[in-house]
Structures are given as C-alpha cells and as structure tokens.
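First comes the structure, then the notes that go with it.
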Amino acid sequence: MRYLPHSAADRADMLAAIGAGGIDDLFAAVPKSVLGTFAPDLPDHQPEFAVEAHMRALAKKNHAGADGPFFVGAGAYRHHVPATVDHLIQRSEWLTAYTPYQPEISQGTLQMLFEFQTQVAHLMGMDIANASMYDGSTATAEAVLMARRVTKKNKVVLSGGLHPQYRDTVVTYLSGEEGLECLPASPEGQGDIVDHIDDDTAAIVIQTPDFYGHLRNVSALADAAHEKGALLIVVVTEIVSLGLLEAPGALGADIVVAEGQSIGNPLTFGGPYVGLMACREKFVRQMPGRLCGETVDADGKRGFVLTLSTREQHIRREKATSNICTNSGLCALAFSIHLSLLGEVGLSRLARLNHARAIALADALAAVPGVEVLNKTFFNEMTIRLPKPAAPLVEALAAKGILCGVPVSRLEPGRPEVEGLVVLAATELTTDEDIAALAAALKGELA
C-alpha cells in the first residue's frame with residue numbers, strides 16, 4: 001500500500017467519522033506502561049539513492065561462507081537446496097492472492113498448504129499440523145501459550161538445552177506473567193527437568209537434539225509430564241534429524257514445534273524462515289495459525305478451505321487464541337517441494353549423511369590438543385570446550401576464511417561458564433577438506 005500523507009484536517013475528519021476524540025483513543029487497548037517508553041534512534045530521512053548506497057555498503061560486510069569451511073549451525077543450517085525448488089516456487093500458479101479466504105480462486109495455494117500439513121504431521125508423528133508459523137522460536141512461544149490454555153495451568157518449565165533465542169522469545173511472549181521457569185544452561189546434558197514438574201505444571205519444553213547437540217529421552221520425559229497432568233512440548237531446530245530419529249509424536253509428545261529452514265530454504269542471512277507446529281487432534285481447537293481442510297464442493301468434487309479459524313483470529317484480537325493468523329506461505333511451499341523431491345527414502349539418506357559427516361567432525365576435533373568434545377550423543381551438531389575464550393578464536397578463524405561455529409557466549413552473554421564453548425554443525429555440504437582445515441586451524445590457534 002502506498003504511503004498517503006494526510007493533513008491535520010484530514011485526520012480530524014476521519015477521527016470525527018469514527019467517533020474518536022483523538023489519536024490516543026485508537027490506542028486505548030494498549031497499556032499505558034508500554035506507551036511512549038522509548039524513542040527510536042533513527043537518522044533523518046535520506047533520498048532513495050543515498051539509502052540504496054548505504055544498504056549496499058552494509059551488504060558488502062556480509063560473508064556467506066559458501067567458499068570456505070562452514071560449521072555454523074545453532075538453529076540455522078547450510079544444506080543443499082536443489083535448483084528445482086527455486087524454479088517451481090516462481091511458477092505463476094502460486095502467484096495468487098495473499099490471503100486465500102476465497103477458496104474458489106485459491107485452490108492451488110490451499111491444496112499446497114493441505115499437502116504441507118500432511119507432510120509435517122507425518123514427519124512429526126502427530127495427528128494434525130497447521131499451515132506453518134513465522135519461525136521456530138515464535139512457534140515455541142505459541143505452543144507454550146497453547147499448553148496453558150489446554151491445561152488451564154500457568155507453570156511452564158523450559159529445559160536448559162532449549163535454544164537461548166527460543167527461550168528469550170518465550171520470555172518476551174510471557175513478559176510480566178508468572179509461572180515461567182527457565183532452567184540453567186546444560187552444555188554437557190546435565191540437569192533433570194523431571195524434578196521441576198509438579199501438579200501446577202502446564203507443560204515442559206525440551207529440545208532434541210538440543211542447542212548443544214545432545215539427544216533427549218523423549219519417552220521418559222513424556223511419562224513424567226503426563227503423570228502430573230502436564231503436556232510435553234518438543235522443539236526441533238534441525239528438522240533433517242527426523243529423517244533418522246524417531247518422530248516425537250511416537251514417543252509421547254503432545255505438541256511438536258520446529259524450524260523448517262533446513263528443507264527447501266537457504267540461510268539468507270537469517271530469514272524469512274518457516275515455523276512448523278503439530279499436535280494431538282484433541283487439542284486442535286487451541287492450535288494457533290491457519291489450518292487448511294479438505295472438503296467437497298456442491299458437485300461433490302474434492303476441494304480445500306481454511307477451517308476451524310474463528311473470526312477472533314482476524315478482527316477481535318484480544319479474544320484470539322493467537323496473534324498469528326497468517327503463515328509463511330512461500331517458505332512452506334519451498335519446504336513442501338523439497339521434501340516431495342526427497343521422499344521418505346531420500347530424507348533418511350540425507351539424515352544419515354549428515355550424521356556421518358558429524359562423526360567425522362567429532363573425531364577430528366577430539367584429536368586436537370586442548371579441544372574437548374562434550375557430546376556423548378549428537379545428530380549433526382555438537383559442542384566443544386576450548387582452553388581459552390571462544391569468541392576471539394572464532395573471529396580469528398573467520399578472518400582466515402573458516403567459519404568455525406557459534407561461540408555460546410554470543411547467545412549467553414555475561415556467563416563465565418560458557419566462555420570457552422563453541423557449537424558446531426556439519427551437514428552434507430561439509431567435506432573432508434573442510435574438517436581437516438578446521439582441525440589444523442584450531443591446532444595452530446591453541447598451540
């Protein structure tokens with residue numbers, strides 16, 4: 001929509017037409033405690049060519065790491081995306097209206113979403129999935145709110161292995177509310193979330209593989225949660241792992257959320273990505289976001305519609321189950337196309353290849369003097385401990401063209417116990433030469 005400036009008289013006429021006394025009346029539902037608490041530190045306006053030049057200068061600072069050893073993961077992973085995916089998502093059949101409320105003109109988009117939901121539900125071992133969320137972190141926060149609605153309890157326990165940014169997103173969503181318990185970081189897989197479950201617990205949130213790469217015993221945690229009437233929310237940041245690991249739903253999870261970026265979507269410097277959410281059918285009325293259903297038209301032909309979505313999702317926001325009433329349609333389409341190309345056998349092979357590359361990486365790192373691999377279990381990601389602060393070392397290797405991984409101190413600042421930790425990931429794109437280069441560089445920096 002174009003920006004159309006209005007004069008003071010224009011604004012006065014519009015306010016009078018809706019019966020508002022002033023601009024402030026339009027924000028009556030927003031608590032006064034959060035209004036006017038900050039002033040954006042933005043520069044003065046600039047001509048278009050100056051803004052473009054500034055953005056180009058910023059873009060030149062980016063380093064994709066595509067031409068050198070790349071071990072960055074921590075929730076966003078570099079995988080091969082077939083050229084077929086990019087070709088198909090640009091076909092004109094998908095260039096329909098943004099919001100498919102009118103099913104008679106949006107059957108292609110709606111069928112794609114229905115197939116996407118089917119794929120996600122099967123992948124996660126759950127009864128039903130929605131048409132995607134914004135990303136994995138907001139899907140996690142929405143799952144927490146959903147669990148509180150389902151159980152009518154407030155206490156939620158977040159595992160120490162949950163991605164720090166996912167944890168922070170949940171904290172932001174529940175800002176000012178009681179009942180959220182965030183357990184300390186568990187880089188060595190330590191800590192027992194079971195001890196924190198009681199009769200007032202709505203849900204526990206675990207990640208597997210967790211932020212530090214450890215695999216979690218989902219079945220045991222599901223039993224412990226259900227014994228107290230709590231739900232188990234399982235988070236997956238590396239969705240490719242489900243090509244090798246048992247589906248969380250088959251192990252007792254009640255709600256499963258994930259980041260789907262690894263399938264069909266490149267890194268693109270952090271987004272846009274696609275959040276996945278699936279749950280038990282009995283909870284579907286509390287599931288946020290869009291849900292596409294299959295039906296028949298007046299002639300008995302197969303058709304698709306958005307279903308089980310209340311009007312509150314779109315116009316009475318204060319009564320809505322969620323403030324997310326859209327979906328990451330293009331990213332979901334890319335996910336669905338790539339997964340269709342892989343098939344079940346292809347996804348399993350891809351997952352095994354990722355794990356094999358990670359084993360080779362772990363063996364090479366363990367052989368470097370001064371490097372300790374903390375993981376006894378992992379899929380394609382692991383944590384190492386260095387005898388010196390990790391962040392400067394990671395920067396030094398980046399200057400040499402080797403993206404070593406993510407120093408934990410970057411996501412957990414001010415915590416001395418994580419200063420020497422680095423989270424690294426290997427994928428099917430990781431070569432033996434990449435691993436050898438990293439091991440040699442680490443050996444040189446630690447000598």
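Chain identifiers are assigned as A, B, and so on, following the order in which chains appear in the structure tokens; residues are numbered from 1 within each chain, and ligands are numbered from 1 in order of appearance.
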
_Nearby residues (only C-alpha atoms) at most 8 Å from A:Gly289, same-chain spacing under 3 positions excluded, as a PyMOL selection string_ = chain A and resi 130-133+322+324-327

Dump as CSV the rows for residues of stretch 22-83 of chain A within 12 Å of stretch 357-365 of chain A: closest atom pair and distance in Å with one decimal, only C-alpha atoms counted, ordered by chain and rising residue number.
```
residue,atom,partner,partner_atom,distance
A:Pro69,CA,A:Leu361,CA,11.8
A:Phe70,CA,A:Leu361,CA,11.8
A:Phe71,CA,A:Leu361,CA,9.6
A:Gly73,CA,A:Ala358,CA,12.0
```

Find the residues near A:Phe269: any atom within 12 Å, counting only C-alpha atoms, skip ones fewer than 3 places away on the same chain, and give them as an mmCIF file with N, CA and C atoms, in the first residue's frame.
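Listed below is the output, result32.cif:
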```
data_model
loop_
_atom_site.group_PDB
_atom_site.id
_atom_site.type_symbol
_atom_site.label_atom_id
_atom_site.label_comp_id
_atom_site.auth_asym_id
_atom_site.auth_seq_id
_atom_site.Cartn_x
_atom_site.Cartn_y
_atom_site.Cartn_z
ATOM 1 N N ALA A 59 25.661 -4.545 2.911
ATOM 2 C CA ALA A 59 25.635 -5.887 2.329
ATOM 3 C C ALA A 59 27.044 -6.392 2.043
ATOM 4 N N LYS A 61 29.539 -6.129 3.800
ATOM 5 C CA LYS A 61 30.165 -6.622 5.020
ATOM 6 C C LYS A 61 29.798 -8.075 5.309
ATOM 7 N N ASN A 62 28.745 -8.560 4.639
ATOM 8 C CA ASN A 62 28.307 -9.932 4.872
ATOM 9 C C ASN A 62 29.289 -10.932 4.274
ATOM 10 N N HIS A 63 29.409 -12.046 4.959
ATOM 11 C CA HIS A 63 30.262 -13.134 4.472
ATOM 12 C C HIS A 63 29.456 -14.418 4.536
ATOM 13 N N ALA A 64 29.077 -14.938 3.382
ATOM 14 C CA ALA A 64 28.194 -16.108 3.354
ATOM 15 C C ALA A 64 28.915 -17.388 3.738
ATOM 16 N N GLY A 65 30.239 -17.414 3.595
ATOM 17 C CA GLY A 65 30.977 -18.613 3.947
ATOM 18 C C GLY A 65 30.824 -19.740 2.945
ATOM 19 N N VAL A 72 28.779 -23.361 10.936
ATOM 20 C CA VAL A 72 27.794 -22.603 11.706
ATOM 21 C C VAL A 72 26.445 -23.325 11.670
ATOM 22 N N ALA A 76 20.122 -22.593 12.476
ATOM 23 C CA ALA A 76 20.018 -22.282 11.053
ATOM 24 C C ALA A 76 21.155 -23.018 10.354
ATOM 25 N N TYR A 77 20.833 -23.839 9.360
ATOM 26 C CA TYR A 77 21.799 -24.794 8.838
ATOM 27 C C TYR A 77 21.968 -24.655 7.329
ATOM 28 N N ARG A 78 23.210 -24.848 6.873
ATOM 29 C CA ARG A 78 23.504 -24.752 5.444
ATOM 30 C C ARG A 78 23.355 -26.132 4.818
ATOM 31 N N GLN A 261 13.598 -24.456 8.205
ATOM 32 C CA GLN A 261 14.524 -23.826 7.255
ATOM 33 C C GLN A 261 15.405 -24.824 6.524
ATOM 34 N N ASN A 265 14.838 -24.156 2.159
ATOM 35 C CA ASN A 265 15.062 -22.736 2.390
ATOM 36 C C ASN A 265 16.529 -22.467 2.718
ATOM 37 N N PRO A 266 17.189 -21.603 1.960
ATOM 38 C CA PRO A 266 18.596 -21.294 2.238
ATOM 39 C C PRO A 266 18.741 -20.430 3.479
ATOM 40 N N PRO A 272 13.571 -14.907 5.473
ATOM 41 C CA PRO A 272 12.487 -15.490 6.270
ATOM 42 C C PRO A 272 12.600 -17.007 6.369
ATOM 43 N N TYR A 273 12.101 -17.557 7.485
ATOM 44 C CA TYR A 273 12.105 -18.985 7.714
ATOM 45 C C TYR A 273 10.666 -19.472 7.866
#
```

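Using only C-alpha atoms, the shortest contact distance between A:Leu291 and any of A:Glu417, A:Asp86, A:Glu115, A:Asp24 is found at A:Glu115.
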
Judged by only C-alpha atoms, the minimum distance to A:Asp210 among A:Asp41, A:Glu381, A:Asp192, A:Glu412 is found for A:Glu381

For this session: Go through stretch 72-195 of chain A and collect every residue that DSSP, computed from the backbone, puts in alpha helix (DSSP H); the answer should be as a PyMOL selection string.
Result: chain A and resi 83-89+107-124+136-151+164-173

Okay, now the selection with N, CA and C atoms, as a compact mmCIF listing (two decimals), in the first residue's frame?
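And here's out07.txt as it stands now:
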```
# COMPACT_ATOMS: atom_id res chain seq x y z
N ALA A 83 18.04 -26.77 -7.36
CA ALA A 83 17.58 -25.66 -8.21
C ALA A 83 16.11 -25.81 -8.58
N THR A 84 15.63 -27.04 -8.58
CA THR A 84 14.23 -27.32 -8.89
C THR A 84 13.29 -26.56 -7.96
N VAL A 85 13.68 -26.45 -6.70
CA VAL A 85 12.82 -25.79 -5.71
C VAL A 85 12.59 -24.34 -6.10
N ASP A 86 13.69 -23.61 -6.36
CA ASP A 86 13.57 -22.20 -6.71
C ASP A 86 12.79 -22.02 -8.00
N HIS A 87 12.97 -22.93 -8.95
CA HIS A 87 12.23 -22.84 -10.21
C HIS A 87 10.73 -23.01 -9.98
N LEU A 88 10.36 -24.00 -9.20
CA LEU A 88 8.93 -24.30 -9.04
C LEU A 88 8.20 -23.24 -8.21
N ILE A 89 8.85 -22.68 -7.19
CA ILE A 89 8.13 -21.70 -6.36
C ILE A 89 7.87 -20.41 -7.11
N GLN A 107 -7.56 -22.48 -4.95
CA GLN A 107 -7.45 -23.92 -4.75
C GLN A 107 -6.01 -24.43 -4.83
N GLY A 108 -5.21 -23.86 -5.71
CA GLY A 108 -3.82 -24.30 -5.81
C GLY A 108 -3.05 -24.04 -4.53
N THR A 109 -3.17 -22.82 -4.01
CA THR A 109 -2.49 -22.48 -2.76
C THR A 109 -2.99 -23.32 -1.61
N LEU A 110 -4.30 -23.49 -1.53
CA LEU A 110 -4.89 -24.25 -0.42
C LEU A 110 -4.49 -25.72 -0.49
N GLN A 111 -4.47 -26.30 -1.68
CA GLN A 111 -4.07 -27.69 -1.76
C GLN A 111 -2.61 -27.85 -1.35
N MET A 112 -1.76 -26.90 -1.76
CA MET A 112 -0.36 -26.97 -1.34
C MET A 112 -0.24 -26.95 0.18
N LEU A 113 -1.01 -26.07 0.82
CA LEU A 113 -0.97 -25.99 2.28
C LEU A 113 -1.47 -27.28 2.92
N PHE A 114 -2.49 -27.87 2.33
CA PHE A 114 -3.01 -29.13 2.85
C PHE A 114 -1.95 -30.22 2.76
N GLU A 115 -1.28 -30.29 1.62
CA GLU A 115 -0.22 -31.29 1.46
C GLU A 115 0.94 -31.01 2.42
N PHE A 116 1.28 -29.74 2.60
CA PHE A 116 2.32 -29.36 3.54
C PHE A 116 1.98 -29.82 4.95
N GLN A 117 0.74 -29.58 5.36
CA GLN A 117 0.31 -30.01 6.69
C GLN A 117 0.42 -31.53 6.84
N THR A 118 0.05 -32.26 5.79
CA THR A 118 0.14 -33.71 5.83
C THR A 118 1.58 -34.16 6.00
N GLN A 119 2.49 -33.53 5.26
CA GLN A 119 3.91 -33.87 5.37
C GLN A 119 4.43 -33.61 6.78
N VAL A 120 4.10 -32.45 7.34
CA VAL A 120 4.60 -32.09 8.67
C VAL A 120 4.05 -33.03 9.73
N ALA A 121 2.76 -33.33 9.66
CA ALA A 121 2.16 -34.24 10.63
C ALA A 121 2.81 -35.61 10.57
N HIS A 122 3.07 -36.11 9.37
CA HIS A 122 3.71 -37.42 9.21
C HIS A 122 5.14 -37.38 9.74
N LEU A 123 5.86 -36.31 9.42
CA LEU A 123 7.25 -36.18 9.83
C LEU A 123 7.38 -36.15 11.35
N MET A 124 6.43 -35.52 12.01
CA MET A 124 6.50 -35.35 13.46
C MET A 124 5.76 -36.44 14.23
N GLY A 136 10.69 -21.02 14.06
CA GLY A 136 10.71 -21.97 15.17
C GLY A 136 10.57 -21.33 16.53
N SER A 137 11.13 -20.14 16.72
CA SER A 137 11.09 -19.51 18.04
C SER A 137 9.69 -19.04 18.40
N THR A 138 9.00 -18.38 17.46
CA THR A 138 7.63 -17.94 17.75
C THR A 138 6.68 -19.12 17.84
N ALA A 139 6.94 -20.19 17.09
CA ALA A 139 6.12 -21.39 17.21
C ALA A 139 6.26 -21.98 18.61
N THR A 140 7.47 -21.93 19.18
CA THR A 140 7.68 -22.42 20.54
C THR A 140 6.88 -21.61 21.55
N ALA A 141 6.93 -20.30 21.42
CA ALA A 141 6.18 -19.44 22.33
C ALA A 141 4.68 -19.67 22.19
N GLU A 142 4.20 -19.85 20.96
CA GLU A 142 2.78 -20.12 20.75
C GLU A 142 2.39 -21.46 21.36
N ALA A 143 3.28 -22.44 21.30
CA ALA A 143 3.00 -23.75 21.89
C ALA A 143 2.86 -23.64 23.40
N VAL A 144 3.68 -22.79 24.02
CA VAL A 144 3.59 -22.57 25.47
C VAL A 144 2.23 -21.96 25.82
N LEU A 145 1.82 -20.94 25.08
CA LEU A 145 0.52 -20.33 25.34
C LEU A 145 -0.62 -21.33 25.11
N MET A 146 -0.48 -22.15 24.09
CA MET A 146 -1.48 -23.18 23.79
C MET A 146 -1.59 -24.17 24.93
N ALA A 147 -0.45 -24.62 25.47
CA ALA A 147 -0.46 -25.58 26.57
C ALA A 147 -1.13 -25.00 27.81
N ARG A 148 -0.92 -23.73 28.05
CA ARG A 148 -1.57 -23.10 29.20
C ARG A 148 -3.08 -23.03 29.02
N ARG A 149 -3.52 -22.80 27.78
CA ARG A 149 -4.97 -22.79 27.53
C ARG A 149 -5.56 -24.18 27.70
N VAL A 150 -4.87 -25.18 27.20
CA VAL A 150 -5.38 -26.56 27.24
C VAL A 150 -5.48 -27.06 28.68
N THR A 151 -4.44 -26.84 29.47
CA THR A 151 -4.38 -27.39 30.83
C THR A 151 -5.00 -26.49 31.88
N PRO A 164 18.83 -20.63 23.29
CA PRO A 164 18.67 -19.39 24.06
C PRO A 164 17.75 -18.36 23.40
N GLN A 165 17.77 -18.27 22.08
CA GLN A 165 16.89 -17.31 21.42
C GLN A 165 15.43 -17.77 21.48
N TYR A 166 15.19 -19.06 21.45
CA TYR A 166 13.83 -19.57 21.62
C TYR A 166 13.36 -19.29 23.05
N ARG A 167 14.24 -19.52 24.01
CA ARG A 167 13.91 -19.21 25.40
C ARG A 167 13.56 -17.73 25.55
N ASP A 168 14.38 -16.86 24.97
CA ASP A 168 14.14 -15.43 25.09
C ASP A 168 12.83 -15.02 24.43
N THR A 169 12.47 -15.69 23.34
CA THR A 169 11.19 -15.39 22.69
C THR A 169 10.02 -15.77 23.59
N VAL A 170 10.11 -16.91 24.26
CA VAL A 170 9.06 -17.31 25.20
C VAL A 170 8.98 -16.31 26.35
N VAL A 171 10.13 -15.89 26.86
CA VAL A 171 10.15 -14.91 27.94
C VAL A 171 9.47 -13.61 27.50
N THR A 172 9.73 -13.20 26.27
CA THR A 172 9.11 -11.99 25.75
C THR A 172 7.60 -12.14 25.65
N TYR A 173 7.16 -13.27 25.12
CA TYR A 173 5.72 -13.53 25.00
C TYR A 173 5.03 -13.50 26.36
```

Give me the residues within 12 Å of A:Lys155 as a PyMOL selection string, counting only C-alpha atoms and dropping any in the same chain fewer than 4 places off. chain A and resi 144-145+147-149+151+174+177-182+196-205+229-231

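Closest to A:Asp254 among A:Ile233, A:Ala29, A:Leu308, A:Val194 is A:Ile233, based on only C-alpha atoms.
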
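Atom CA of A:Ala437 is found 19.9 Å from atom CA of A:Lys388.
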
Would you pick out the contacts of A:Leu347 at 12 Å or less, using only C-alpha atoms, so that residues sharing its chain but fewer than 6 positions from it are not included, and give the list as a PyMOL selection string? chain A and resi 123+239-245+262-263+338-341+353-354+428

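Near A:Val218, within 10 Å and counting only C-alpha atoms, sit Ile206, Gln207, Thr208, Ala222, Asp223, Ala224, Leu232, Ile233, Val234, Glu246, Ala247, Pro248, Gly249, Ala250, Leu251, Gly252 and Ala253 of chain A; same-chain residues fewer than 4 positions away were not included.
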
Taking N, CA and C atoms for each residue, export the selection above as a PDB file, in the first residue's frame.
```
ATOM      1  N   ILE A 206      11.221 -29.169  25.914  1.00  0.00           N
ATOM      2  CA  ILE A 206      12.558 -29.711  25.684  1.00  0.00           C
ATOM      3  C   ILE A 206      12.895 -29.582  24.206  1.00  0.00           C
ATOM      4  N   GLN A 207      14.160 -29.609  23.902  1.00  0.00           N
ATOM      5  CA  GLN A 207      14.618 -29.604  22.518  1.00  0.00           C
ATOM      6  C   GLN A 207      15.474 -30.830  22.287  1.00  0.00           C
ATOM      7  N   THR A 208      15.258 -31.500  21.151  1.00  0.00           N
ATOM      8  CA  THR A 208      16.092 -32.644  20.805  1.00  0.00           C
ATOM      9  C   THR A 208      16.262 -32.724  19.293  1.00  0.00           C
ATOM     10  N   ALA A 222       8.036 -37.621  28.583  1.00  0.00           N
ATOM     11  CA  ALA A 222       6.587 -37.629  28.335  1.00  0.00           C
ATOM     12  C   ALA A 222       5.860 -38.316  29.477  1.00  0.00           C
ATOM     13  N   ASP A 223       6.372 -39.441  29.924  1.00  0.00           N
ATOM     14  CA  ASP A 223       5.743 -40.171  31.033  1.00  0.00           C
ATOM     15  C   ASP A 223       5.729 -39.326  32.302  1.00  0.00           C
ATOM     16  N   ALA A 224       6.851 -38.658  32.587  1.00  0.00           N
ATOM     17  CA  ALA A 224       6.936 -37.842  33.795  1.00  0.00           C
ATOM     18  C   ALA A 224       5.977 -36.669  33.740  1.00  0.00           C
ATOM     19  N   LEU A 232       3.876 -32.299  27.163  1.00  0.00           N
ATOM     20  CA  LEU A 232       5.267 -32.274  26.719  1.00  0.00           C
ATOM     21  C   LEU A 232       5.335 -31.570  25.365  1.00  0.00           C
ATOM     22  N   ILE A 233       6.073 -30.467  25.330  1.00  0.00           N
ATOM     23  CA  ILE A 233       6.329 -29.737  24.086  1.00  0.00           C
ATOM     24  C   ILE A 233       7.745 -30.060  23.648  1.00  0.00           C
ATOM     25  N   VAL A 234       7.888 -30.572  22.440  1.00  0.00           N
ATOM     26  CA  VAL A 234       9.202 -30.917  21.900  1.00  0.00           C
ATOM     27  C   VAL A 234       9.547 -29.927  20.794  1.00  0.00           C
ATOM     28  N   GLU A 246      13.506 -41.112  15.773  1.00  0.00           N
ATOM     29  CA  GLU A 246      12.077 -41.436  15.905  1.00  0.00           C
ATOM     30  C   GLU A 246      11.268 -40.151  16.048  1.00  0.00           C
ATOM     31  N   ALA A 247      10.093 -40.110  15.435  1.00  0.00           N
ATOM     32  CA  ALA A 247       9.237 -38.926  15.494  1.00  0.00           C
ATOM     33  C   ALA A 247       8.814 -38.647  16.930  1.00  0.00           C
ATOM     34  N   PRO A 248       8.843 -37.382  17.365  1.00  0.00           N
ATOM     35  CA  PRO A 248       8.474 -37.051  18.748  1.00  0.00           C
ATOM     36  C   PRO A 248       7.074 -37.518  19.124  1.00  0.00           C
ATOM     37  N   GLY A 249       6.138 -37.454  18.172  1.00  0.00           N
ATOM     38  CA  GLY A 249       4.782 -37.888  18.473  1.00  0.00           C
ATOM     39  C   GLY A 249       4.704 -39.347  18.843  1.00  0.00           C
ATOM     40  N   ALA A 250       5.530 -40.179  18.220  1.00  0.00           N
ATOM     41  CA  ALA A 250       5.554 -41.611  18.522  1.00  0.00           C
ATOM     42  C   ALA A 250       6.147 -41.883  19.893  1.00  0.00           C
ATOM     43  N   LEU A 251       6.834 -40.878  20.454  1.00  0.00           N
ATOM     44  CA  LEU A 251       7.480 -41.043  21.761  1.00  0.00           C
ATOM     45  C   LEU A 251       6.698 -40.376  22.883  1.00  0.00           C
ATOM     46  N   GLY A 252       5.511 -39.816  22.568  1.00  0.00           N
ATOM     47  CA  GLY A 252       4.663 -39.282  23.623  1.00  0.00           C
ATOM     48  C   GLY A 252       4.518 -37.786  23.666  1.00  0.00           C
ATOM     49  N   ALA A 253       5.113 -37.051  22.729  1.00  0.00           N
ATOM     50  CA  ALA A 253       4.975 -35.594  22.723  1.00  0.00           C
ATOM     51  C   ALA A 253       3.523 -35.203  22.473  1.00  0.00           C
TER      52      ALA A 253
END
```

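Nearest-residue note for A:Leu446: choosing from A:Pro387, A:Gly68, A:Gly405, A:Gly22, the minimum distance belongs to A:Pro387, counting only C-alpha atoms.
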
**Asked** If you run DSSP on this backbone, which residues of stretch 189-369 of chain A come out as strand (DSSP E), and could you give them as a PyMOL selection string?
**Response** chain A and resi 201-207+231-236+255-259+275-279+292-296+302-306

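Across the structure, atom CA of A:Arg349 and atom CA of A:Gly75 are spaced 21.0 Å apart.
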
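The space between atom CA of A:Ile105 and atom CA of A:Thr307 spans 16.1 Å.
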